[in-house]
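Chemist: This is the content of final32.csv (CSV, C-alpha atoms):
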chain,number,residue,atom,x,y,z
A,1,MET,CA,172.3,40.4,-171.6
A,2,SER,CA,171.1,36.8,-171.8
A,3,PRO,CA,169.0,36.1,-174.9
A,4,PHE,CA,167.0,33.5,-172.9
A,5,SER,CA,163.9,34.1,-170.9
A,6,ILE,CA,164.0,33.8,-167.1
A,7,GLU,CA,161.9,30.7,-167.4
A,8,GLU,CA,164.5,29.0,-169.7
A,9,ARG,CA,167.4,30.2,-167.6
A,10,ALA,CA,165.8,28.8,-164.5
A,11,GLY,CA,165.3,25.5,-166.2
A,12,SER,CA,169.1,25.2,-166.7
A,13,MET,CA,170.2,24.1,-163.3
A,14,PRO,CA,172.3,21.0,-164.1
A,15,PRO,CA,172.4,18.0,-161.7
A,16,PRO,CA,175.6,17.3,-159.8
A,17,ALA,CA,178.4,15.8,-162.0
A,18,ALA,CA,178.7,12.0,-161.9
A,19,GLY,CA,181.7,12.0,-159.5
A,20,ARG,CA,180.1,14.4,-157.1
A,21,TRP,CA,176.8,12.4,-157.2
A,22,ALA,CA,178.6,9.2,-156.4
A,23,ALA,CA,180.4,10.9,-153.5
A,24,LEU,CA,177.1,12.3,-152.2
A,25,ARG,CA,175.5,8.9,-152.2
A,26,ALA,CA,178.4,7.3,-150.4
A,27,GLU,CA,178.4,10.0,-147.8
A,28,LEU,CA,174.6,9.6,-147.4
A,29,ALA,CA,175.1,5.9,-146.7
A,30,GLU,CA,177.8,6.7,-144.2
A,31,ARG,CA,175.8,9.3,-142.4
A,32,ALA,CA,172.7,7.1,-142.4
A,33,GLU,CA,174.8,4.3,-140.7
A,34,ALA,CA,176.2,6.8,-138.2
A,35,ARG,CA,172.7,8.0,-137.2
A,36,GLY,CA,171.4,4.5,-136.9
A,37,LEU,CA,169.0,4.9,-139.8
A,38,LEU,CA,170.4,2.2,-142.0
A,39,ASP,CA,168.1,-0.8,-141.4
A,40,VAL,CA,169.3,-2.8,-144.4
A,41,ALA,CA,172.7,-2.3,-146.1
A,42,TYR,CA,173.5,-4.2,-149.3
A,43,ALA,CA,176.4,-4.6,-151.7
A,44,THR,CA,177.5,-7.0,-154.4
A,45,VAL,CA,180.3,-9.5,-154.5
A,46,ASP,CA,181.9,-11.0,-157.7
A,47,SER,CA,182.3,-14.7,-157.4
A,48,PRO,CA,182.9,-17.8,-159.6
A,49,LEU,CA,179.1,-18.4,-159.3
A,50,GLY,CA,178.2,-14.9,-160.7
A,51,VAL,CA,177.5,-11.6,-159.0
A,52,LEU,CA,176.1,-12.2,-155.5
A,53,LEU,CA,173.9,-9.7,-153.7
A,54,VAL,CA,174.6,-9.6,-150.0
A,55,ALA,CA,172.5,-7.7,-147.4
A,56,ALA,CA,173.0,-7.1,-143.7
A,57,THR,CA,171.0,-5.5,-140.8
A,58,PRO,CA,172.8,-4.2,-137.7
A,59,ALA,CA,172.3,-7.7,-136.3
A,60,GLY,CA,174.2,-9.4,-139.1
A,61,MET,CA,174.1,-10.9,-142.6
A,62,VAL,CA,170.4,-11.4,-143.5
A,63,ARG,CA,170.4,-12.3,-147.2
A,64,LEU,CA,172.5,-13.6,-150.0
A,65,ALA,CA,171.1,-13.9,-153.5
A,66,PHE,CA,172.4,-15.4,-156.7
A,67,ASP,CA,172.1,-13.3,-159.9
A,68,ASP,CA,169.3,-15.3,-161.3
A,69,GLU,CA,167.0,-13.5,-158.7
A,70,PRO,CA,166.5,-10.0,-160.0
A,71,ALA,CA,168.2,-7.5,-157.6
A,72,ASP,CA,165.1,-5.3,-157.6
A,73,ALA,CA,162.9,-8.2,-156.5
A,74,VAL,CA,165.4,-9.1,-153.7
A,75,LEU,CA,165.5,-5.5,-152.5
A,76,ALA,CA,161.7,-5.1,-152.6
A,77,GLU,CA,161.4,-8.3,-150.6
A,78,LEU,CA,163.8,-6.9,-148.0
A,79,ALA,CA,162.0,-3.6,-147.9
A,80,GLY,CA,158.7,-5.3,-147.4
A,81,ARG,CA,159.7,-7.9,-144.9
A,82,LEU,CA,162.4,-6.0,-142.9
A,83,SER,CA,162.3,-2.2,-143.4
A,84,PRO,CA,162.1,0.1,-146.4
A,85,ARG,CA,165.2,1.9,-145.1
A,86,VAL,CA,167.4,0.0,-147.6
A,87,LEU,CA,170.6,1.6,-149.0
A,88,TYR,CA,173.6,0.5,-151.1
A,89,ALA,CA,176.2,0.6,-148.4
A,90,PRO,CA,179.1,-1.7,-149.0
A,91,ALA,CA,181.0,-0.7,-145.8
A,92,ARG,CA,178.7,-2.8,-143.6
A,93,LEU,CA,179.3,-5.8,-145.9
A,94,ASP,CA,183.2,-5.5,-145.9
A,95,GLY,CA,183.6,-8.6,-143.7
A,96,ALA,CA,181.1,-10.7,-145.6
A,97,ARG,CA,182.7,-9.8,-148.9
A,98,ARG,CA,186.2,-10.6,-147.7
A,99,GLU,CA,185.2,-13.9,-146.2
A,100,LEU,CA,183.3,-14.9,-149.4
A,101,ASP,CA,186.4,-14.0,-151.5
A,102,GLU,CA,188.6,-16.1,-149.2
A,103,TYR,CA,186.1,-19.0,-149.4
A,104,PHE,CA,186.1,-19.0,-153.2
A,105,ASP,CA,189.9,-18.8,-153.2
A,106,GLY,CA,190.0,-22.0,-151.0
A,107,ARG,CA,191.5,-20.1,-148.1
A,108,ARG,CA,188.5,-20.2,-145.8
A,109,THR,CA,186.6,-23.3,-144.5
A,110,ARG,CA,184.1,-21.6,-142.1
A,111,PHE,CA,182.4,-18.2,-142.0
A,112,ASP,CA,182.8,-16.0,-138.9
A,113,LEU,CA,179.9,-13.7,-139.7
A,114,ALA,CA,177.1,-12.6,-137.4
A,115,LEU,CA,173.9,-13.8,-138.9
A,116,ASP,CA,170.4,-12.3,-138.7
A,117,TRP,CA,167.9,-15.1,-138.9
A,118,THR,CA,164.8,-12.8,-139.1
A,119,LEU,CA,163.8,-14.0,-142.6
A,120,THR,CA,163.2,-17.5,-141.4
A,121,THR,CA,161.2,-18.8,-138.4
A,122,GLY,CA,160.2,-21.9,-136.5
A,123,PHE,CA,161.0,-25.3,-137.9
A,124,ARG,CA,162.7,-23.8,-141.0
A,125,ARG,CA,165.1,-21.9,-138.8
A,126,ALA,CA,165.8,-25.0,-136.8
A,127,VAL,CA,166.7,-26.9,-140.0
A,128,LEU,CA,169.0,-24.1,-141.2
A,129,ALA,CA,170.6,-23.9,-137.8
A,130,ALA,CA,171.3,-27.7,-138.0
A,131,THR,CA,172.6,-27.2,-141.6
A,132,ALA,CA,175.0,-24.4,-140.4
A,133,ARG,CA,176.7,-27.0,-138.1
A,134,ILE,CA,177.7,-29.3,-141.1
A,135,PRO,CA,181.4,-28.7,-141.5
A,136,PHE,CA,183.2,-27.7,-144.7
A,137,GLY,CA,183.9,-30.7,-146.9
A,138,ARG,CA,181.2,-32.9,-145.2
A,139,THR,CA,177.6,-33.5,-146.3
A,140,GLY,CA,174.3,-34.3,-144.5
A,141,THR,CA,170.9,-35.6,-145.8
A,142,TYR,CA,167.5,-34.0,-145.7
A,143,SER,CA,166.6,-36.7,-143.2
A,144,SER,CA,169.6,-36.0,-140.9
A,145,VAL,CA,168.9,-32.2,-140.7
A,146,ALA,CA,165.2,-33.0,-140.1
A,147,THR,CA,166.3,-35.2,-137.2
A,148,ALA,CA,168.7,-32.6,-135.9
A,149,ALA,CA,165.9,-30.0,-136.0
A,150,GLY,CA,163.8,-32.2,-133.8
A,151,SER,CA,161.3,-33.8,-136.3
A,152,PRO,CA,162.9,-36.9,-137.9
A,153,ARG,CA,159.8,-37.5,-140.1
A,154,ALA,CA,159.6,-33.9,-141.5
A,155,VAL,CA,161.9,-34.7,-144.4
A,156,ARG,CA,159.8,-32.9,-147.0
A,157,ALA,CA,159.5,-29.8,-144.7
A,158,ALA,CA,163.3,-29.8,-144.2
A,159,GLY,CA,163.6,-29.7,-148.0
A,160,THR,CA,161.4,-26.7,-148.2
A,161,ALA,CA,163.4,-25.0,-145.4
A,162,LEU,CA,166.6,-25.5,-147.4
A,163,ALA,CA,165.0,-24.4,-150.7
A,164,THR,CA,164.1,-21.1,-149.0
A,165,ASN,CA,167.4,-20.6,-147.2
A,166,PRO,CA,167.8,-16.8,-147.2
A,167,ILE,CA,171.6,-17.0,-146.8
A,168,PRO,CA,172.9,-19.7,-149.1
A,169,ILE,CA,176.7,-20.5,-149.2
A,170,VAL,CA,177.2,-19.0,-145.7
A,171,VAL,CA,174.5,-21.3,-144.3
A,172,PRO,CA,175.7,-24.3,-146.3
A,173,CYS,CA,172.5,-25.9,-147.6
A,174,HIS,CA,174.5,-27.1,-150.5
A,175,ARG,CA,176.0,-29.7,-148.1
A,176,VAL,CA,172.6,-31.4,-147.7
A,177,LEU,CA,172.0,-34.2,-150.2
A,178,ARG,CA,169.4,-36.9,-150.8
A,179,SER,CA,169.7,-40.1,-148.8
A,180,ASP,CA,170.5,-42.0,-152.0
A,181,GLY,CA,173.5,-39.7,-152.5
A,182,SER,CA,172.0,-37.8,-155.5
A,183,ILE,CA,172.5,-34.1,-155.3
A,184,GLY,CA,168.9,-32.8,-154.9
A,185,GLN,CA,167.6,-29.3,-155.4
A,186,TYR,CA,169.3,-26.0,-154.8
A,187,ARG,CA,168.0,-22.4,-154.7
A,188,GLY,CA,170.8,-21.3,-157.0
A,189,GLY,CA,170.4,-24.3,-159.4
A,190,ALA,CA,171.9,-27.8,-159.2
A,191,GLY,CA,174.9,-26.6,-161.2
A,192,ARG,CA,175.9,-24.2,-158.5
A,193,LYS,CA,175.3,-26.8,-155.8
A,194,SER,CA,177.7,-29.2,-157.5
A,195,ALA,CA,180.3,-26.4,-158.1
A,196,LEU,CA,180.3,-25.6,-154.4
A,197,LEU,CA,180.6,-29.3,-153.5
A,198,ARG,CA,183.6,-29.7,-155.9
A,199,LEU,CA,185.2,-26.6,-154.4
A,200,GLU,CA,184.9,-28.0,-150.9
A,201,ALA,CA,186.2,-31.5,-152.0
A,202,ALA,CA,189.3,-29.9,-153.4
A,203,PRO,CA,189.6,-26.4,-152.0
A,204,ASN,CA,193.0,-25.6,-153.4
A,205,ALA,CA,192.5,-27.1,-156.8
B,1,MET,CA,150.9,-0.8,-150.4
B,2,THR,CA,154.5,-1.4,-149.5
B,3,LEU,CA,157.2,1.2,-149.9
B,4,PRO,CA,160.0,0.6,-152.3
B,5,PRO,CA,163.6,0.4,-150.9
B,6,PHE,CA,164.9,3.9,-150.1
B,7,GLU,CA,167.8,3.3,-152.5
B,8,HIS,CA,165.2,3.5,-155.4
B,9,VAL,CA,163.9,6.8,-154.0
B,10,VAL,CA,167.5,8.2,-154.0
B,11,ASP,CA,167.9,6.9,-157.6
B,12,ARG,CA,164.7,8.4,-158.9
B,13,HIS,CA,164.4,11.7,-157.1
B,14,GLY,CA,167.8,12.4,-155.5
B,15,ARG,CA,169.2,14.5,-158.4
B,16,ASP,CA,166.1,16.7,-158.5
B,17,VAL,CA,166.3,17.2,-154.8
B,18,TRP,CA,169.8,18.3,-155.2
B,19,ARG,CA,168.9,20.6,-158.2
B,20,PHE,CA,166.1,22.2,-156.1
B,21,ALA,CA,168.5,22.6,-153.2
B,22,ALA,CA,171.1,24.3,-155.5
B,23,SER,CA,168.4,26.7,-156.7
B,24,GLN,CA,167.7,27.7,-153.1
B,25,VAL,CA,171.1,27.9,-151.5
B,26,GLY,CA,173.6,27.8,-154.3
B,27,ARG,CA,175.5,24.9,-155.9
B,28,ASP,CA,178.3,25.1,-153.4
B,29,ARG,CA,176.0,24.6,-150.4
B,30,ALA,CA,173.5,22.2,-152.0
B,31,ASP,CA,175.3,19.1,-150.8
B,32,GLU,CA,174.5,19.9,-147.2
B,33,VAL,CA,170.8,20.6,-147.9
B,34,PHE,CA,170.7,17.4,-149.9
B,35,GLN,CA,172.2,15.3,-147.1
B,36,GLU,CA,170.0,16.7,-144.4
B,37,THR,CA,166.9,16.3,-146.6
B,38,MET,CA,167.7,12.7,-147.5
B,39,LEU,CA,168.6,11.8,-143.9
B,40,ALA,CA,165.3,13.4,-142.5
B,41,ALA,CA,163.4,11.6,-145.3
B,42,LEU,CA,165.1,8.2,-144.5
B,43,ALA,CA,164.2,8.6,-140.8
B,44,ALA,CA,160.5,9.3,-141.5
B,45,TYR,CA,160.3,7.0,-144.6
B,46,PRO,CA,158.6,4.0,-142.9
B,47,THR,CA,155.7,6.2,-141.9
B,48,LEU,CA,155.1,7.6,-145.4
B,49,ARG,CA,151.5,6.6,-146.3
B,50,ASP,CA,151.4,7.2,-150.0
B,51,PRO,CA,154.4,6.0,-152.0
B,52,GLY,CA,153.1,7.9,-154.9
B,53,ALA,CA,153.6,11.2,-153.0
B,54,VAL,CA,157.2,10.6,-152.3
B,55,ARG,CA,158.5,13.3,-154.7
B,56,SER,CA,156.4,16.2,-153.3
B,57,TRP,CA,157.2,14.9,-149.8
B,58,LEU,CA,161.0,15.0,-150.5
B,59,LEU,CA,160.8,18.5,-152.0
B,60,ARG,CA,158.8,19.8,-149.0
B,61,ILE,CA,161.5,18.5,-146.7
B,62,ALA,CA,164.2,20.1,-148.9
B,63,ALA,CA,162.4,23.4,-148.9
B,64,ARG,CA,162.4,23.3,-145.1
B,65,LYS,CA,166.1,22.3,-144.9
B,66,ALA,CA,167.0,25.1,-147.3
B,67,VAL,CA,165.3,27.6,-145.1
B,68,ASP,CA,167.1,26.2,-142.0
B,69,LEU,CA,170.4,26.7,-143.8
B,70,PHE,CA,169.4,30.2,-144.8
B,71,ARG,CA,168.6,31.0,-141.1
B,72,ALA,CA,171.9,29.5,-140.0
B,73,ALA,CA,173.7,31.7,-142.5
B,74,ALA,CA,171.8,34.7,-141.1
B,75,ARG,CA,172.9,33.9,-137.5
B,76,ALA,CA,176.6,33.2,-138.5
B,77,PRO,CA,178.9,36.1,-137.7
B,78,VAL,CA,179.9,38.0,-140.8
B,79,PRO,CA,183.3,39.6,-141.0
B,80,LEU,CA,183.0,43.4,-141.3
B,81,ALA,CA,184.6,43.7,-144.7
B,82,ASP,CA,182.4,40.9,-146.1
B,83,ALA,CA,179.3,42.5,-144.7
B,84,ALA,CA,180.1,45.8,-146.3
B,85,GLY,CA,180.7,44.1,-149.6
B,86,ALA,CA,177.5,42.1,-149.3
B,87,ALA,CA,175.6,45.3,-148.5
B,88,ASP,CA,177.0,47.0,-151.6
B,89,ALA,CA,176.0,44.0,-153.7
B,90,ALA,CA,172.6,44.1,-152.1
B,91,GLY,CA,172.3,47.8,-152.7
B,92,ALA,CA,173.2,47.3,-156.4
B,93,THR,CA,170.1,45.0,-156.8
B,94,ALA,CA,167.9,47.8,-155.3
B,95,PRO,CA,165.8,46.0,-152.8
B,96,THR,CA,163.0,48.3,-151.7
B,97,ASN,CA,162.6,47.3,-148.0
B,98,ALA,CA,164.5,46.1,-145.1
B,99,ALA,CA,163.4,42.5,-145.5
B,100,GLY,CA,164.4,42.4,-149.1
B,101,SER,CA,167.8,43.9,-148.2
B,102,THR,CA,168.4,41.1,-145.6
B,103,LEU,CA,167.5,38.5,-148.1
B,104,ALA,CA,169.7,39.9,-150.8
B,105,THR,CA,172.5,40.0,-148.3
B,106,LEU,CA,171.9,36.4,-147.5
B,107,ALA,CA,171.7,35.5,-151.1
B,108,THR,CA,175.1,37.0,-151.6
B,109,LEU,CA,176.4,35.1,-148.6
B,110,ALA,CA,175.0,31.9,-149.9
B,111,THR,CA,176.9,32.3,-153.2
B,112,GLY,CA,179.9,34.0,-151.8
B,113,ALA,CA,180.7,32.7,-148.4
B,114,ALA,CA,181.7,29.1,-149.1
B,115,GLY,CA,185.0,29.4,-150.9
B,116,PHE,CA,184.1,31.4,-154.0
B,117,GLY,CA,184.1,34.8,-152.4
B,118,ALA,CA,187.0,36.0,-154.5
B,119,GLU,CA,185.3,35.1,-157.7
B,120,PRO,CA,183.4,38.0,-159.3
B,121,PRO,CA,179.8,37.1,-159.8
B,122,VAL,CA,179.4,35.7,-163.3
B,123,PRO,CA,176.3,36.8,-165.2
B,124,GLU,CA,174.6,33.4,-165.1
B,125,ASP,CA,174.8,33.4,-161.3
B,126,ASP,CA,173.0,36.7,-161.2
B,127,LEU,CA,169.6,35.1,-161.7
B,128,TRP,CA,170.2,32.6,-158.9
B,129,ALA,CA,171.3,35.3,-156.5
B,130,GLN,CA,168.1,37.1,-157.3
B,131,VAL,CA,166.0,33.9,-156.9
B,132,ARG,CA,167.6,33.5,-153.5
B,133,ALA,CA,166.7,37.1,-152.7
B,134,LEU,CA,163.0,36.4,-153.2
B,135,PRO,CA,160.7,35.7,-150.2
B,136,ALA,CA,160.8,32.0,-149.3
B,137,LYS,CA,157.5,31.0,-150.9
B,138,GLN,CA,158.2,32.7,-154.2
B,139,ARG,CA,161.8,31.4,-154.2
B,140,GLN,CA,160.5,27.8,-153.7
B,141,ALA,CA,157.6,28.1,-156.1
B,142,VAL,CA,159.6,29.5,-159.0
B,143,ALA,CA,162.3,26.8,-158.6
B,144,LEU,CA,159.7,24.0,-158.4
B,145,ARG,CA,158.0,25.4,-161.5
B,146,PHE,CA,161.0,26.0,-163.7
B,147,VAL,CA,164.0,24.0,-162.3
B,148,LEU,CA,161.9,20.9,-161.8
B,149,ASP,CA,159.3,21.6,-164.4
B,150,LEU,CA,156.4,20.8,-162.1
B,151,ASP,CA,152.9,22.0,-163.1
B,152,TYR,CA,151.0,24.3,-160.6
B,153,ALA,CA,149.3,21.3,-159.0
B,154,GLY,CA,152.8,19.8,-158.4
B,155,VAL,CA,154.1,23.1,-157.0
B,156,GLY,CA,151.1,23.3,-154.7
B,157,ALA,CA,151.5,19.7,-153.6
B,158,ALA,CA,155.2,20.2,-152.8
B,159,MET,CA,154.5,23.5,-150.9
B,160,GLN,CA,151.2,22.3,-149.3
B,161,THR,CA,149.4,25.3,-150.8
B,162,SER,CA,146.5,25.5,-153.3
B,163,GLN,CA,147.2,25.4,-157.0
B,164,GLU,CA,146.1,29.0,-157.1
B,165,ALA,CA,148.5,30.1,-154.4
B,166,ALA,CA,151.3,28.3,-156.3
B,167,ARG,CA,150.4,30.1,-159.5
B,168,ARG,CA,150.4,33.4,-157.7
B,169,ASN,CA,153.8,32.8,-156.0
B,170,VAL,CA,155.4,32.0,-159.4
B,171,PHE,CA,153.8,35.0,-160.9
B,172,GLU,CA,155.1,37.3,-158.2
B,173,ALA,CA,158.5,35.8,-158.4
B,174,LEU,CA,158.7,36.2,-162.2
B,175,ARG,CA,157.6,39.8,-162.0
B,176,THR,CA,160.3,40.6,-159.5
B,177,LEU,CA,162.9,38.6,-161.4
B,178,ARG,CA,162.0,40.4,-164.7
B,179,ARG,CA,162.4,43.7,-163.0
B,180,ARG,CA,165.8,42.8,-161.5
B,181,VAL,CA,167.5,40.6,-164.1
B,182,GLY,CA,165.3,40.4,-167.1
B,183,PRO,CA,165.9,42.0,-170.5
B,184,HIS,CA,164.2,45.2,-169.2
B,185,ALA,CA,166.1,45.2,-165.9
B,186,GLY,CA,167.3,48.5,-164.4
B,187,ALA,CA,166.0,51.8,-165.9
B,188,ALA,CA,163.8,50.1,-168.4
B,189,ALA,CA,161.9,48.4,-165.7
B,190,THR,CA,159.9,51.5,-164.9
B,191,VAL,CA,159.1,51.9,-168.5
B,192,LEU,CA,158.0,48.3,-168.7
B,193,SER,CA,155.2,48.8,-166.1
B,194,GLU,CA,153.8,51.6,-168.2
B,195,ARG,CA,153.7,49.7,-171.5
B,196,PRO,CA,150.2,48.7,-172.5
B,197,ASP,CA,151.3,45.1,-173.2
B,198,ALA,CA,153.2,44.7,-170.0
B,199,LYS,CA,150.4,42.9,-168.3
B,200,ARG,CA,150.3,40.2,-171.0
B,201,GLU,CA,154.1,39.8,-170.9
B,202,GLU,CA,154.0,39.2,-167.2
B,203,GLN,CA,151.6,36.3,-167.4
B,204,PRO,CA,153.4,33.1,-166.3
B,205,LEU,CA,153.8,30.6,-169.1
Written as structure tokens, how would this file's structure read?

Modeler:
Amino acid sequence: MSPFSIEERAGSMPPPAAGRWAALRAELAERAEARGLLDVAYATVDSPLGVLLVAATPAGMVRLAFDDEPADAVLAELAGRLSPRVLYAPARLDGARRELDEYFDGRRTRFDLALDWTLTTGFRRAVLAATARIPFGRTGTYSSVATAAGSPRAVRAAGTALATNPIPIVVPCHRVLRSDGSIGQYRGGAGRKSALLRLEAAPNA
Amino acid sequence: MTLPPFEHVVDRHGRDVWRFAASQVGRDRADEVFQETMLAALAAYPTLRDPGAVRSWLLRIAARKAVDLFRAAARAPVPLADAAGAADAAGATAPTNAAGSTLATLATLATGAAGFGAEPPVPEDDLWAQVRALPAKQRQAVALRFVLDLDYAGVGAAMQTSQEAARRNVFEALRTLRRRVGPHAGAAATVLSERPDAKREEQPL
């Protein structure tokens, strides 16, 4: 006969073991995807620039964040602006993770990923679309992307668009420099911007 | 108020949803109730008005999904030998009416039908089989109160009943459980009801 009261015994329902819990969560993400309930999937990628958080909607990659933005804040932003149906679901990001790995290895010079531009609108989106056309190893200027976006004099607004690029690296805002050739600002810090430019100048170094 | 990413909901409340599911249908079938609960919650999540009520809301869905699984088990064909064994097991627990007998049979099925049939019931499982033999509201209330350690207001919120109804359901559940598996189970149970201090002992804590 148990020496414990029914109340105490009922309180002793242990949670699933760690391995079972991890498998349950992975299965939940898979089933959510299969039922069309996964509005935002995210994963992380290790890179020479630190751990990157990547997120995708069914339409494509929607966000990339460097690790100096707290993951919780990035996910809260996605929940608020896109949908609260956000789950860690690396399968949807397999392609993005592989292409980023290849890029940092110097084996990839352009990304073949579907992009979801929802997080940026109007002139900013036009600036980023122009930026996306600057090839690997080349650079543009704030003035040239403003012109390509249809407003040659909106250089400052072009700078703001690049500073709020939701998908850095993949949309290569690091390739946009000041007209005097100096490096300018970067969402992930000037150090990361110059590291990306060095990588593209000598991809196999 | 914006909703947090669903990933955080799984993080904070998922294990307790699973523990509650395990108390209702057995640890071996809790995974299915967990998945169906979380998928239903994910589907409806964007319409949730009060993020502070997410825990009771999840448990309410889990209670419903557990009942669904119970009913599915009742509809499933039962091999004759198993049915006889289950009836014996149910008989041993001395349910007093037809409904109780059916529930006890189901409780046995819930613990025995999913691969552990050959395993003799271990004493610790006895309590859970008896919990699953309780009427649905009592079964849910006693698990919410003691597995999840909710107060009566919390039990009521999760079951959409008054605090008073929650207290009464827990009280009735404990009274039945004490009679069937408590230290005075069996022959002593009849004596218990005649003892002058029985009433005080039966007060829920």

Chemist: Show me which bits of chain B are within 8 Å of chain A, counting all atoms listed in the file, as JSON, numbers by chain.

Modeler: {"B": [2, 3, 4, 5, 6, 7, 15, 16, 18, 19, 22, 23, 31, 35, 38, 39, 42, 43, 45, 46, 127, 143, 146, 147, 148, 149, 174, 177, 178, 182, 183]}

Chemist: Can you measure CA of Leu150 in chain B to CA of Glu172 in chain B for me? One decimal in Å is fine.

Modeler: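 Atom-to-atom, CA of Leu150 in chain B and CA of Glu172 in chain B are spaced 17.0 Å apart.
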
Chemist: Expressed in Å to a single decimal, how great is the separation between CA of Ser151 in chain A and CA of Phe123 in chain A?

Modeler: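 Distance between the two atoms: 8.7 Å.
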
Chemist: Nearest residue to Val54 in chain B out of B:His8, B:Val181, B:Arg145, B:Arg71, using all atoms listed in the file?

Modeler: B:His8

Chemist: Report as a ChimeraX atom specification all protein, DNA and RNA residues lying within 12 Å of Gly106 in chain A, evaluated on only C-alpha atoms, omitting residues in the same chain fewer than 5 positions from it.

Modeler: /A:48,99-101,136-137,196,198-205

Chemist: With a distance cut-off of 10 Å and only C-alpha atoms, select the neighbouring residues of Arg125 in chain A, excluding the residue or stretch itself and same-chain residues fewer than 3 positions from it, and output the selection as JSON, numbers by chain.

Modeler: {"A": [117, 118, 119, 120, 121, 122, 128, 129, 130, 131, 149, 158, 161, 162, 165]}

Chemist: Tell me which of B:Ala157, B:Arg49, B:Ala62, B:Arg29 sits closest to Val17 in chain B, counting all atoms listed in the file.

Modeler: B:Ala62

Chemist: Using CA of Val9 in chain B and CA of Lys137 in chain B as the two end points, give the distance in Å to one decimal.

Modeler: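 Interatomic distance here is 25.2 Å.
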
Chemist: Select all residues near (179.0, -30.3, -142.8) (cut-off 12 Å, inclusive, file coordinates), counting only C-alpha atoms, and output them as a short mmCIF file (atom, residue, chain, number, x, y, z; two decimals) with C-alpha atoms, in the coordinates of the input.

Modeler:
data_model
loop_
_atom_site.label_atom_id
_atom_site.label_comp_id
_atom_site.auth_asym_id
_atom_site.auth_seq_id
_atom_site.Cartn_x
_atom_site.Cartn_y
_atom_site.Cartn_z
CA THR A 109 186.60 -23.30 -144.50
CA ARG A 110 184.10 -21.60 -142.10
CA LEU A 128 169.00 -24.10 -141.20
CA ALA A 129 170.60 -23.90 -137.80
CA ALA A 130 171.30 -27.70 -138.00
CA THR A 131 172.60 -27.20 -141.60
CA ALA A 132 175.00 -24.40 -140.40
CA ARG A 133 176.70 -27.00 -138.10
CA ILE A 134 177.70 -29.30 -141.10
CA PRO A 135 181.40 -28.70 -141.50
CA PHE A 136 183.20 -27.70 -144.70
CA GLY A 137 183.90 -30.70 -146.90
CA ARG A 138 181.20 -32.90 -145.20
CA THR A 139 177.60 -33.50 -146.30
CA GLY A 140 174.30 -34.30 -144.50
CA THR A 141 170.90 -35.60 -145.80
CA SER A 144 169.60 -36.00 -140.90
CA VAL A 145 168.90 -32.20 -140.70
CA ILE A 169 176.70 -20.50 -149.20
CA VAL A 170 177.20 -19.00 -145.70
CA VAL A 171 174.50 -21.30 -144.30
CA PRO A 172 175.70 -24.30 -146.30
CA CYS A 173 172.50 -25.90 -147.60
CA HIS A 174 174.50 -27.10 -150.50
CA ARG A 175 176.00 -29.70 -148.10
CA VAL A 176 172.60 -31.40 -147.70
CA LEU A 177 172.00 -34.20 -150.20
CA LEU A 197 180.60 -29.30 -153.50
CA GLU A 200 184.90 -28.00 -150.90
CA ALA A 201 186.20 -31.50 -152.00
#

Chemist: Go through A:Ala157, A:Leu113, A:Ala34, A:Ala22 and flag the residue nearest Ala56 in chain A, using all atoms listed in the file for the distances.

Modeler: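 Looking at the shortest contact to Ala56 in chain A, the residue is A:Leu113.
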
Chemist: Determine, counting all atoms listed in the file, every residue of protein, DNA or RNA that lies within 12 Å of (165.6, 22.8, -142.2) in the file coordinates, then give the result as a ChimeraX atom specification.

Modeler: /B:21,25,32-41,59-72

Chemist: Tell me, as a list in words, which residues lie within 10 Å of Asp46 in chain A, counting only C-alpha atoms; anything in the same chain fewer than 4 positions away does not count.

Modeler: Gly50, Val51, Leu52, Leu53, Arg97, Leu100 and Asp101 of chain A
